[in-house]
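What's in structure.cif: mmCIF, C-alpha atoms
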```
data_model
#
loop_
_atom_site.label_atom_id
_atom_site.label_comp_id
_atom_site.auth_asym_id
_atom_site.auth_seq_id
_atom_site.Cartn_x
_atom_site.Cartn_y
_atom_site.Cartn_z
CA MET A 1 144.28 192.05 125.31
CA SER A 2 144.76 195.54 126.63
CA LYS A 3 147.75 197.76 125.96
CA ARG A 4 148.46 197.91 129.69
CA THR A 5 148.64 194.12 129.89
CA VAL A 6 151.04 193.88 126.96
CA GLU A 7 153.16 196.71 128.38
CA LEU A 8 153.51 194.92 131.71
CA HIS A 9 153.66 191.39 130.38
CA TRP A 10 156.29 192.10 127.74
CA GLY A 11 158.04 195.06 129.34
CA LYS A 12 158.27 193.67 132.87
CA HIS A 13 157.63 189.95 133.11
CA HIS A 14 159.31 188.91 129.86
CA GLN A 15 162.07 191.47 130.37
CA ASN A 16 162.74 190.15 133.87
CA TYR A 17 163.16 186.62 132.55
CA VAL A 18 165.64 187.90 129.95
CA ASP A 19 167.61 189.91 132.52
CA GLY A 20 167.52 187.04 134.99
CA LEU A 21 168.79 184.59 132.41
CA ASN A 22 171.61 186.86 131.30
CA LYS A 23 172.66 187.30 134.88
CA GLN A 24 172.72 183.56 135.44
CA LEU A 25 174.60 182.84 132.22
CA ALA A 26 177.42 185.16 133.21
CA THR A 27 178.63 182.53 135.66
CA SER A 28 177.02 179.41 134.26
CA MET A 29 178.41 176.42 132.40
CA PHE A 30 175.62 176.99 129.90
CA TYR A 31 177.18 180.19 128.62
CA GLY A 32 177.19 180.12 124.80
CA TYR A 33 174.32 177.67 124.44
CA THR A 34 171.40 178.60 122.21
CA LEU A 35 168.03 179.13 123.86
CA GLU A 36 166.67 175.84 122.59
CA GLU A 37 169.74 173.98 123.82
CA LEU A 38 169.35 175.66 127.20
CA ILE A 39 165.79 174.44 127.44
CA LYS A 40 166.55 170.85 126.44
CA GLU A 41 169.66 170.54 128.63
CA GLY A 42 168.30 172.62 131.46
CA TYR A 43 165.16 170.51 131.77
CA ASN A 44 167.40 167.70 132.90
CA ASN A 45 164.68 165.06 132.50
CA GLY A 46 162.29 166.62 134.96
CA ASN A 47 164.79 167.94 137.50
CA PRO A 48 165.22 171.40 136.06
CA LEU A 49 168.47 173.24 136.65
CA PRO A 50 168.41 176.86 137.84
CA GLU A 51 168.82 178.29 134.34
CA TYR A 52 165.86 176.31 133.01
CA ASN A 53 163.05 178.48 134.28
CA ASN A 54 164.34 181.75 132.89
CA ALA A 55 165.39 180.21 129.59
CA ALA A 56 162.08 178.45 129.06
CA GLN A 57 160.04 181.49 130.00
CA VAL A 58 162.06 183.70 127.64
CA TRP A 59 161.39 181.22 124.84
CA ASN A 60 157.74 180.66 125.78
CA HIS A 61 156.92 184.35 125.86
CA HIS A 62 158.65 185.09 122.58
CA PHE A 63 156.71 182.20 121.02
CA PHE A 64 153.54 183.60 122.55
CA TRP A 65 153.90 187.11 121.14
CA GLU A 66 154.47 185.64 117.71
CA SER A 67 151.47 183.32 118.07
CA MET A 68 149.23 186.36 118.03
CA GLN A 69 148.27 189.01 115.54
CA PRO A 70 145.87 191.93 115.94
CA GLU A 71 142.30 191.24 114.71
CA SER A 72 143.10 187.69 113.74
CA GLY A 73 141.61 184.47 115.06
CA GLY A 74 138.78 182.92 113.08
CA SER A 75 139.79 179.65 111.53
CA PRO A 76 142.76 178.46 109.53
CA GLU A 77 142.73 177.50 105.88
CA GLY A 78 144.27 174.96 103.55
CA GLY A 79 146.77 172.46 104.86
CA VAL A 80 146.53 173.50 108.50
CA LEU A 81 142.76 173.20 108.49
CA GLN A 82 143.02 169.80 106.81
CA GLN A 83 145.45 168.57 109.45
CA ILE A 84 143.28 169.90 112.28
CA GLU A 85 140.23 168.20 110.83
CA LYS A 86 142.19 164.98 110.50
CA ASP A 87 143.51 165.05 114.07
CA PHE A 88 140.53 166.55 115.94
CA GLY A 89 137.55 165.67 113.75
CA SER A 90 136.63 169.27 113.06
CA PHE A 91 137.84 172.79 113.80
CA THR A 92 134.99 173.17 116.30
CA ASN A 93 136.20 170.09 118.17
CA PHE A 94 139.71 171.49 118.28
CA ARG A 95 138.46 174.85 119.55
CA GLU A 96 136.42 173.14 122.28
CA GLU A 97 139.32 170.95 123.31
CA PHE A 98 141.68 173.91 123.42
CA ILE A 99 139.35 175.90 125.67
CA CYS A 100 138.57 172.90 127.87
CA SER A 101 142.23 172.04 128.31
CA ALA A 102 143.09 175.59 129.20
CA LEU A 103 140.39 175.65 131.86
CA SER A 104 141.40 172.34 133.35
CA LEU A 105 144.97 173.45 134.05
CA LEU A 106 145.33 173.87 137.81
CA GLY A 107 147.68 176.71 138.70
CA SER A 108 150.12 178.51 136.40
CA GLY A 109 151.20 177.19 133.04
CA TRP A 110 150.65 177.21 129.29
CA VAL A 111 148.33 175.56 126.80
CA TRP A 112 149.85 174.51 123.48
CA LEU A 113 149.00 173.21 120.07
CA VAL A 114 151.89 170.85 119.37
CA LEU A 115 152.94 168.54 116.61
CA LYS A 116 153.75 165.26 118.29
CA ARG A 117 156.78 163.53 116.82
CA GLU A 118 155.97 159.96 117.82
CA GLU A 119 152.24 160.01 117.14
CA ARG A 120 152.76 162.24 114.09
CA LYS A 121 149.70 164.32 114.77
CA LEU A 122 148.58 167.64 116.16
CA SER A 123 147.58 167.66 119.80
CA VAL A 124 146.52 170.08 122.54
CA VAL A 125 148.68 169.85 125.64
CA CYS A 126 148.95 171.80 128.89
CA THR A 127 152.20 172.34 130.71
CA ARG A 128 152.74 173.57 134.25
CA ASN A 129 154.72 176.68 135.18
CA ALA A 130 157.53 176.95 132.61
CA ILE A 131 157.63 173.46 131.22
CA SER A 132 158.08 173.46 127.45
CA PRO A 133 157.04 170.84 124.89
CA LEU A 134 160.55 171.31 123.46
CA ALA A 135 161.91 169.70 126.58
CA LEU A 136 159.44 166.87 126.11
CA GLY A 137 160.50 166.29 122.52
CA ASP A 138 157.53 167.71 120.61
CA ILE A 139 157.24 170.57 118.14
CA PRO A 140 155.30 173.59 119.44
CA ILE A 141 152.94 175.19 116.94
CA MET A 142 151.11 177.77 119.03
CA ASN A 143 150.74 178.62 122.73
CA LEU A 144 148.72 180.66 125.22
CA ASP A 145 150.04 181.98 128.54
CA LEU A 146 147.78 180.85 131.40
CA TRP A 147 149.73 182.46 134.22
CA GLU A 148 147.40 184.88 135.99
CA HIS A 149 149.60 187.83 135.06
CA ALA A 150 148.63 187.22 131.42
CA TYR A 151 144.95 187.96 131.96
CA TYR A 152 144.25 189.28 135.42
CA LEU A 153 144.19 192.99 134.60
CA ASP A 154 141.79 192.44 131.69
CA TYR A 155 139.63 189.56 132.83
CA LYS A 156 140.23 189.19 136.59
CA ASP A 157 139.47 185.55 137.37
CA ASP A 158 137.53 184.87 134.15
CA ARG A 159 140.02 182.59 132.41
CA ARG A 160 137.33 181.22 130.10
CA MET A 161 136.68 184.64 128.52
CA TYR A 162 140.42 185.20 128.07
CA VAL A 163 140.97 181.87 126.29
CA THR A 164 137.87 182.30 124.14
CA ASN A 165 138.94 185.77 123.03
CA PHE A 166 142.41 184.48 122.22
CA ILE A 167 141.24 181.62 120.03
CA ASP A 168 138.52 183.73 118.39
CA HIS A 169 140.34 187.02 117.84
CA LEU A 170 144.07 186.89 118.51
CA VAL A 171 145.67 183.64 117.39
CA SER A 172 147.68 184.09 114.22
CA TRP A 173 146.93 181.19 111.88
CA HIS A 174 149.47 182.70 109.53
CA THR A 175 152.23 182.03 112.06
CA VAL A 176 150.77 178.60 112.74
CA THR A 177 150.99 177.77 109.02
CA LEU A 178 154.64 178.81 108.87
CA ARG A 179 155.46 176.75 111.93
CA MET A 180 153.60 173.73 110.56
CA MET A 181 155.56 173.99 107.34
CA ARG A 182 158.78 173.97 109.29
CA GLY A 183 157.55 171.16 111.51
CA GLU A 184 156.76 168.99 108.52
CA ALA A 185 160.47 168.95 107.75
CA PHE A 186 160.92 166.91 110.92
CA VAL A 187 157.73 164.85 111.09
CA ASN A 188 156.39 162.76 108.25
CA LEU A 189 152.68 163.51 108.18
CA GLY A 190 151.97 161.04 105.41
CA GLU A 191 151.86 161.05 101.66
CA PRO A 192 150.61 164.21 99.99
CA ASN A 193 147.56 163.95 97.73
CA ILE A 194 149.08 164.61 94.37
CA PRO A 195 146.32 164.52 91.77
CA VAL A 196 146.95 162.19 88.88
CA ALA A 197 147.20 164.09 85.61
CA MET B 1 109.27 170.79 153.80
CA ALA B 2 110.40 170.24 157.37
CA LEU B 3 113.71 168.87 156.11
CA ARG B 4 114.35 172.04 154.13
CA THR B 5 113.67 174.24 157.17
CA LEU B 6 116.11 172.10 159.13
CA ALA B 7 118.74 172.52 156.43
CA SER B 8 118.36 176.30 156.30
CA ARG B 9 118.63 176.63 160.08
CA LYS B 10 121.83 174.62 159.92
CA ALA B 11 123.01 176.97 157.20
CA LEU B 12 122.55 179.91 159.55
CA VAL B 13 124.40 178.10 162.31
CA ALA B 14 127.20 177.16 159.99
CA ALA B 15 127.48 180.71 158.77
CA ALA B 16 127.72 181.90 162.36
CA LEU B 17 130.55 179.46 162.93
CA GLY B 18 132.40 181.07 160.04
CA GLY B 19 131.67 178.19 157.73
CA ALA B 20 134.46 176.10 159.23
CA ARG B 21 132.13 173.21 159.78
CA PRO B 22 130.52 171.60 156.78
CA LEU B 23 126.77 171.46 156.37
CA PRO B 24 125.46 167.93 156.56
CA ALA B 25 123.14 167.47 153.61
CA ALA B 26 120.22 165.09 153.45
CA ARG B 27 122.18 162.64 151.30
CA GLY B 28 125.15 162.39 153.66
CA VAL B 29 127.87 164.25 151.77
CA ALA B 30 129.07 167.19 153.82
CA THR B 31 129.13 170.43 151.86
CA PHE B 32 131.34 173.36 152.63
CA ALA B 33 130.51 177.03 152.71
CA LEU B 34 132.52 180.15 152.08
CA PRO B 35 133.58 181.54 155.48
CA ASP B 36 132.93 185.22 156.14
CA LEU B 37 135.69 187.71 156.80
CA THR B 38 135.77 189.36 160.21
CA TYR B 39 136.65 192.71 158.65
CA ASP B 40 135.56 194.81 155.65
CA TYR B 41 137.14 194.29 152.26
CA GLY B 42 138.73 197.73 152.43
CA ALA B 43 139.94 197.40 156.01
CA LEU B 44 143.40 196.13 155.06
CA GLU B 45 144.29 199.08 152.87
CA PRO B 46 146.79 200.31 151.86
CA ALA B 47 148.62 197.02 152.32
CA ILE B 48 146.04 195.07 150.33
CA SER B 49 143.41 196.87 148.27
CA GLY B 50 139.70 196.36 148.85
CA GLU B 51 139.30 195.37 145.20
CA ILE B 52 141.71 192.50 145.61
CA MET B 53 140.16 191.37 148.89
CA GLN B 54 136.70 191.31 147.37
CA LEU B 55 137.71 189.41 144.24
CA HIS B 56 139.93 187.08 146.22
CA HIS B 57 137.17 186.19 148.65
CA GLN B 58 134.02 186.35 146.50
CA LYS B 59 135.44 184.90 143.29
CA HIS B 60 138.55 182.83 143.91
CA HIS B 61 137.80 181.35 147.32
CA ALA B 62 134.13 180.92 146.45
CA ALA B 63 135.12 179.02 143.30
CA TYR B 64 137.35 176.69 145.31
CA VAL B 65 134.47 175.99 147.69
CA ALA B 66 131.96 175.38 144.89
CA ASN B 67 134.32 173.14 142.93
CA TYR B 68 135.34 171.27 146.06
CA ASN B 69 131.70 170.51 146.82
CA LYS B 70 131.14 169.33 143.26
CA ALA B 71 134.22 167.12 143.39
CA LEU B 72 133.14 165.60 146.71
CA GLU B 73 129.76 164.71 145.24
CA LYS B 74 131.44 163.00 142.31
CA LEU B 75 133.79 161.22 144.73
CA ASP B 76 130.85 160.01 146.76
CA ALA B 77 129.20 158.63 143.64
CA ALA B 78 132.40 156.96 142.47
CA VAL B 79 133.04 155.39 145.87
CA ALA B 80 129.47 154.12 146.04
CA LYS B 81 129.85 152.55 142.60
CA GLY B 82 133.24 151.10 143.46
CA ASP B 83 134.81 152.92 140.51
CA ALA B 84 138.46 152.92 141.57
CA SER B 85 139.86 154.73 138.56
CA ALA B 86 137.27 157.51 138.86
CA VAL B 87 138.17 157.92 142.54
CA VAL B 88 141.86 158.22 141.73
CA GLN B 89 141.21 160.60 138.87
CA LEU B 90 139.33 162.98 141.17
CA GLN B 91 142.27 163.29 143.58
CA SER B 92 144.01 166.20 141.87
CA VAL B 93 140.82 168.25 141.63
CA ILE B 94 140.05 167.52 145.29
CA LYS B 95 143.57 168.44 146.40
CA PHE B 96 143.44 171.64 144.38
CA ASN B 97 140.02 172.91 145.39
CA GLY B 98 139.98 171.45 148.89
CA GLY B 99 143.47 172.79 149.46
CA GLY B 100 142.37 176.14 148.12
CA HIS B 101 139.50 176.22 150.61
CA VAL B 102 141.69 175.15 153.53
CA ASN B 103 144.50 177.55 152.69
CA HIS B 104 142.34 180.59 152.11
CA SER B 105 140.31 179.94 155.28
CA ILE B 106 143.58 180.17 157.20
CA PHE B 107 144.72 183.19 155.19
CA TRP B 108 141.70 185.35 156.10
CA LYS B 109 142.41 184.68 159.78
CA ASN B 110 146.08 185.55 159.27
CA LEU B 111 145.14 189.10 158.31
CA LYS B 112 143.79 191.85 160.55
CA PRO B 113 143.21 195.57 160.05
CA VAL B 114 145.86 197.78 161.66
CA SER B 115 143.17 199.31 163.87
CA GLU B 116 142.48 195.86 165.34
CA GLY B 117 146.08 194.90 165.99
CA GLY B 118 147.27 193.89 162.55
CA GLY B 119 150.99 194.20 162.12
CA GLU B 120 151.84 194.07 165.82
CA PRO B 121 154.82 191.76 166.20
CA PRO B 122 154.50 188.49 168.11
CA HIS B 123 155.20 188.36 171.83
CA GLU B 124 155.66 185.73 174.50
CA LYS B 125 155.98 182.10 173.51
CA LEU B 126 155.82 182.56 169.75
CA GLY B 127 158.08 185.61 169.89
CA TRP B 128 160.73 183.71 171.84
CA ALA B 129 160.46 180.70 169.56
CA ILE B 130 161.04 182.95 166.55
CA ASP B 131 164.13 184.47 168.17
CA GLU B 132 165.40 181.01 168.97
CA ASP B 133 164.78 179.38 165.59
CA PHE B 134 165.57 182.31 163.30
CA GLY B 135 167.75 184.63 165.34
CA SER B 136 165.37 187.57 165.20
CA PHE B 137 161.96 188.64 163.98
CA GLU B 138 163.60 190.60 161.16
CA ALA B 139 165.49 187.51 160.05
CA LEU B 140 162.24 185.55 159.86
CA VAL B 141 160.55 188.25 157.77
CA LYS B 142 163.56 188.36 155.46
CA LYS B 143 163.50 184.58 155.00
CA VAL B 144 159.77 184.44 154.30
CA ASN B 145 160.05 187.31 151.82
CA ALA B 146 162.97 185.68 150.04
CA GLU B 147 161.28 182.30 149.73
CA GLY B 148 157.99 183.85 148.72
CA ALA B 149 159.63 185.95 146.00
CA ALA B 150 161.62 183.00 144.69
CA LEU B 151 158.62 180.69 144.38
CA GLN B 152 158.07 180.00 140.69
CA GLY B 153 154.52 179.90 139.43
CA SER B 154 151.72 179.83 141.98
CA GLY B 155 151.83 178.75 145.59
CA TRP B 156 152.05 179.70 149.25
CA VAL B 157 154.80 180.56 151.70
CA TRP B 158 154.25 179.42 155.30
CA LEU B 159 155.54 179.91 158.81
CA ALA B 160 155.09 176.41 160.14
CA LEU B 161 155.49 174.67 163.45
CA ASP B 162 157.01 171.23 163.24
CA LYS B 163 155.12 169.63 166.11
CA GLU B 164 157.47 166.70 166.42
CA ALA B 165 160.77 168.51 166.18
CA LYS B 166 159.25 171.39 168.18
CA LYS B 167 160.81 173.91 165.83
CA LEU B 168 159.55 176.66 163.57
CA ARG B 169 160.15 176.41 159.84
CA VAL B 170 159.57 178.43 156.70
CA GLU B 171 158.06 176.26 153.98
CA THR B 172 156.59 176.78 150.54
CA THR B 173 153.90 174.78 148.79
CA ALA B 174 152.99 174.79 145.12
CA ASN B 175 149.56 175.70 143.74
CA GLN B 176 146.99 174.98 146.46
CA ASP B 177 148.84 172.16 148.15
CA PRO B 178 148.13 172.41 151.88
CA LEU B 179 151.08 172.66 154.28
CA VAL B 180 150.71 169.05 155.41
CA THR B 181 151.91 167.91 151.98
CA LYS B 182 155.35 169.13 153.06
CA GLY B 183 155.29 167.21 156.33
CA ILE B 184 152.59 165.45 158.29
CA ASN B 185 153.71 167.14 161.53
CA LEU B 186 153.55 170.69 160.19
CA VAL B 187 151.02 173.10 161.67
CA PRO B 188 150.40 176.32 159.72
CA LEU B 189 150.86 179.45 161.84
CA LEU B 190 150.89 181.97 159.02
CA GLY B 191 150.41 181.56 155.30
CA ILE B 192 150.95 184.13 152.56
CA ASP B 193 149.22 183.58 149.22
CA VAL B 194 151.73 184.31 146.44
CA TRP B 195 149.44 183.43 143.57
CA GLU B 196 149.40 186.42 141.23
CA HIS B 197 145.68 186.97 141.90
CA ALA B 198 146.61 187.83 145.49
CA TYR B 199 148.50 190.96 144.51
CA TYR B 200 148.52 191.65 140.77
CA LEU B 201 145.90 194.39 140.55
CA GLN B 202 147.77 196.45 143.12
CA TYR B 203 151.44 195.51 142.90
CA LYS B 204 151.56 194.23 139.29
CA ASN B 205 154.64 192.08 138.83
CA VAL B 206 156.43 193.38 141.92
CA ARG B 207 155.77 190.49 144.26
CA PRO B 208 158.52 191.60 146.71
CA ASP B 209 156.58 194.84 147.40
CA TYR B 210 153.43 192.86 148.21
CA LEU B 211 155.44 190.65 150.56
CA SER B 212 157.07 193.50 152.42
CA ASN B 213 153.74 195.29 152.85
CA ILE B 214 151.63 192.37 153.99
CA TRP B 215 153.45 192.25 157.34
CA LYS B 216 151.67 195.50 158.22
CA VAL B 217 148.38 193.63 158.47
CA MET B 218 149.66 190.33 159.81
CA ASN B 219 147.60 188.87 162.63
CA TRP B 220 150.31 187.61 164.97
CA LYS B 221 147.76 187.20 167.76
CA TYR B 222 146.10 184.39 165.81
CA ALA B 223 149.45 182.79 165.01
CA GLY B 224 150.37 182.99 168.67
CA GLU B 225 147.15 181.27 169.68
CA VAL B 226 147.67 178.45 167.20
CA TYR B 227 151.24 178.06 168.41
CA GLU B 228 150.27 177.91 172.07
CA ASN B 229 147.53 175.38 171.40
CA ALA B 230 149.88 173.19 169.40
CA THR B 231 152.64 173.30 171.99
CA ALA B 232 150.43 173.01 175.06
#
```

How does the structure come out when it is put into structure tokens?
Amino acid sequence: MSKRTVELHWGKHHQNYVDGLNKQLATSMFYGYTLEELIKEGYNNGNPLPEYNNAAQVWNHHFFWESMQPESGGSPEGGVLQQIEKDFGSFTNFREEFICSALSLLGSGWVWLVLKREERKLSVVCTRNAISPLALGDIPIMNLDLWEHAYYLDYKDDRRMYVTNFIDHLVSWHTVTLRMMRGEAFVNLGEPNIPVA
Amino acid sequence: MALRTLASRKALVAAALGGARPLPAARGVATFALPDLTYDYGALEPAISGEIMQLHHQKHHAAYVANYNKALEKLDAAVAKGDASAVVQLQSVIKFNGGGHVNHSIFWKNLKPVSEGGGEPPHEKLGWAIDEDFGSFEALVKKVNAEGAALQGSGWVWLALDKEAKKLRVETTANQDPLVTKGINLVPLLGIDVWEHAYYLQYKNVRPDYLSNIWKVMNWKYAGEVYENATA
């Protein structure tokens, strides 16, 4: 991901969402809400209110920057790897599914690794435009921006290369581990294997 | 051998027609071809860069055409087998790629180099209709720009003729949804692609600049012709 892309994506796109949201909140009934509350309330069960888009995009982009780390990627270790192997069969399967999902999204949106509350497992989901898994009740673990502005300067129309580079070189499994740990406080993933003495 | 010669001659004919008509293949499923532009990639500069035009036409539109053809083949197979769920599942891919082909085919005709009349405001019937339905040409441009800038995500902004109500309207559609998804009586006169790929390399995130500049290469002559045919 080039410096120019990050400059524009963070400095202009993300910044515009922040400014736009602040402007809206000045005269909105949502003034004082936290970002997560804004997303859940603003989603309004599929009929998003005006503040929703800016709030969700502010959250999504912040989550995105933290989902990455320079010269990272590769594969996770320990508990996260175990959970991925349990829910996808193997890390390779997960990687394939992530790439496939990302490529099958029509239009703008995001691809996520989420922890599903009901099913109590990890899953790859795609959302359109600014829709957030938070609004749908799940716990986001990692995401990738599939809006064209996220990759056009570096990859033009080659979304496949962009997604592959992300999963192979940029995704921060360290952050994923932290988020999983936090997520496990809300979702019971089963009994731990405590070895008998 | 003879069949192949026949097919290639039809390919030449279809190319001459601008690819608007599908090529009938031996099996019976019509395939679509990428229409050619009537101007060079760089001819719309500085409003739209040659780099964007080339990528937009040769990569994006070509991909819609290729994927549309693939989807139609799968649809044909599913229909022949009577596989209802497969048919239904293909609908979103067909709408997306087919819509992409339809929309972009209109878009290329909506643009014209300045040297060939691009940017000249509409006259006569369409001009009067614009004054009547929007107040003035400037008001229409302002409305289209506002709706185009406000569109979240990817989509198109259209100047449409409502054939039944006999009025002009500004409409937006999401992703590659064709204009008819907003109303069965709507005829597209002008469409502006506001997907980021249409302007990002040149205008970066400043979509409003792209919108205000594209009017300089707008082919109002074409829009006028469509309007007159639809209201004849």

Expand the PyMOL selection byres ((chain B) within 6 of (chain A)) into the individual residues it matches in the shown file, reporting them as a PyMOL selection string.
-> chain B and resi 153-154+175+196

Could you write out as a ChimeraX atom specification the residues that the PyMOL selection byres ((chain A and resi 46) around 12) matches in the shown file?
-> /A:39-45,47-49,52-53,128,130-132,135-136

Just say which residues the PyMOL selection byres ((chain A and resi 87) around 12) picks in this file, as a CSV table (one decimal) with C-alpha atoms, in the frame of the given file.
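What landed in selection-v1.csv:
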```csv
chain,number,residue,atom,x,y,z
A,80,VAL,CA,146.5,173.5,108.5
A,81,LEU,CA,142.8,173.2,108.5
A,82,GLN,CA,143.0,169.8,106.8
A,83,GLN,CA,145.4,168.6,109.4
A,84,ILE,CA,143.3,169.9,112.3
A,85,GLU,CA,140.2,168.2,110.8
A,86,LYS,CA,142.2,165.0,110.5
A,88,PHE,CA,140.5,166.6,115.9
A,89,GLY,CA,137.6,165.7,113.8
A,90,SER,CA,136.6,169.3,113.1
A,91,PHE,CA,137.8,172.8,113.8
A,92,THR,CA,135.0,173.2,116.3
A,93,ASN,CA,136.2,170.1,118.2
A,94,PHE,CA,139.7,171.5,118.3
A,97,GLU,CA,139.3,171.0,123.3
A,113,LEU,CA,149.0,173.2,120.1
A,114,VAL,CA,151.9,170.8,119.4
A,115,LEU,CA,152.9,168.5,116.6
A,116,LYS,CA,153.8,165.3,118.3
A,119,GLU,CA,152.2,160.0,117.1
A,120,ARG,CA,152.8,162.2,114.1
A,121,LYS,CA,149.7,164.3,114.8
A,122,LEU,CA,148.6,167.6,116.2
A,123,SER,CA,147.6,167.7,119.8
A,124,VAL,CA,146.5,170.1,122.5
A,189,LEU,CA,152.7,163.5,108.2
```

Shortest contact to Asp193 of chain B, candidates B:Gln54, B:Asn145, B:Thr31, B:Gln91, atoms counted all atoms listed in the file, goes to B:Asn145

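A straight line drawn from atom CA of Lys216 of chain B to atom CA of Ala146 of chain B is 17.1 Å long.
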
If you count all atoms listed in the file, the residue of B:Pro121, B:Gly99, B:Gly148, B:Gly155 closest to Val180 of chain B turns out to be B:Gly99

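Between atom CA of Leu55 of chain B and atom CA of Asp209 of chain B the separation is 19.9 Å.
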
Which residue of B:Gly118, B:Pro113, B:Gly183, B:Gly98 approaches Tyr39 of chain B most closely, using all atoms listed in the file = B:Pro113

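Distances here use all atoms listed in the file; by that measure, the residue among A:Val125, A:Met142, A:Leu21, A:Ala26 closest to Asn60 of chain A is A:Met142.
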
Pick out the residues sitting within 12 Å of Met1 of chain A, and hand them over as a PyMOL selection string; count only C-alpha atoms, and ignore anything fewer than 5 positions along from it in its own chain.
-> chain A and resi 6-9+65+68-71+149-155+161-166+169-171

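Using all atoms listed in the file, the smallest distance between any of B:Leu90, B:Gln176, B:Lys166, B:His60 and Glu73 of chain B comes from B:Leu90.
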
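Reported to one decimal place, the separation of atom CA of Phe137 of chain B from atom CA of Asp40 of chain B is 28.4 Å.
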
Contacts of Gln89 of chain B at 12 Å or less, counting only C-alpha atoms, minus same-chain residues fewer than 3 places along, as number ranges by chain?
-> B: 71, 74-75, 78-79, 83-86, 92-95

Can you find the residues with an atom no farther than 9 Å from (137.5, 176.8, 152.7), counting all atoms listed in the file, and report them as a PyMOL selection string?
-> chain B and resi 19-20+32-35+61-62+64-65+68+97-106

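Between Lys112 of chain B and the candidates B:Asn219, B:Asn229, B:Gln202, B:Asn213, the tightest atom-to-atom separation, counting only C-alpha atoms, involves B:Asn219.
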
Mind listing whatever residues come within 12 Å of the point (161.9, 187.6, 136.7)? Use all atoms listed in the file, file coordinates, and give them as a PyMOL selection string.
-> (chain A and resi 9-24+51+53-58) or (chain B and resi 149-153+205-208)

Kindly export the residues of the current selection with C-alpha atoms, as an mmCIF file, keeping the file's coordinate frame.
```
data_model
loop_
_atom_site.group_PDB
_atom_site.id
_atom_site.type_symbol
_atom_site.label_atom_id
_atom_site.label_comp_id
_atom_site.auth_asym_id
_atom_site.auth_seq_id
_atom_site.Cartn_x
_atom_site.Cartn_y
_atom_site.Cartn_z
ATOM 1 C CA HIS A 9 153.660 191.390 130.380
ATOM 2 C CA TRP A 10 156.290 192.100 127.740
ATOM 3 C CA GLY A 11 158.040 195.060 129.340
ATOM 4 C CA LYS A 12 158.270 193.670 132.870
ATOM 5 C CA HIS A 13 157.630 189.950 133.110
ATOM 6 C CA HIS A 14 159.310 188.910 129.860
ATOM 7 C CA GLN A 15 162.070 191.470 130.370
ATOM 8 C CA ASN A 16 162.740 190.150 133.870
ATOM 9 C CA TYR A 17 163.160 186.620 132.550
ATOM 10 C CA VAL A 18 165.640 187.900 129.950
ATOM 11 C CA ASP A 19 167.610 189.910 132.520
ATOM 12 C CA GLY A 20 167.520 187.040 134.990
ATOM 13 C CA LEU A 21 168.790 184.590 132.410
ATOM 14 C CA ASN A 22 171.610 186.860 131.300
ATOM 15 C CA LYS A 23 172.660 187.300 134.880
ATOM 16 C CA GLN A 24 172.720 183.560 135.440
ATOM 17 C CA GLU A 51 168.820 178.290 134.340
ATOM 18 C CA ASN A 53 163.050 178.480 134.280
ATOM 19 C CA ASN A 54 164.340 181.750 132.890
ATOM 20 C CA ALA A 55 165.390 180.210 129.590
ATOM 21 C CA ALA A 56 162.080 178.450 129.060
ATOM 22 C CA GLN A 57 160.040 181.490 130.000
ATOM 23 C CA VAL A 58 162.060 183.700 127.640
ATOM 24 C CA ALA B 149 159.630 185.950 146.000
ATOM 25 C CA ALA B 150 161.620 183.000 144.690
ATOM 26 C CA LEU B 151 158.620 180.690 144.380
ATOM 27 C CA GLN B 152 158.070 180.000 140.690
ATOM 28 C CA GLY B 153 154.520 179.900 139.430
ATOM 29 C CA ASN B 205 154.640 192.080 138.830
ATOM 30 C CA VAL B 206 156.430 193.380 141.920
ATOM 31 C CA ARG B 207 155.770 190.490 144.260
ATOM 32 C CA PRO B 208 158.520 191.600 146.710
#
```

Within 12 Å of Thr38 of chain B using all atoms listed in the file, minus same-chain residues under 3 positions, as a count of residues only | 17
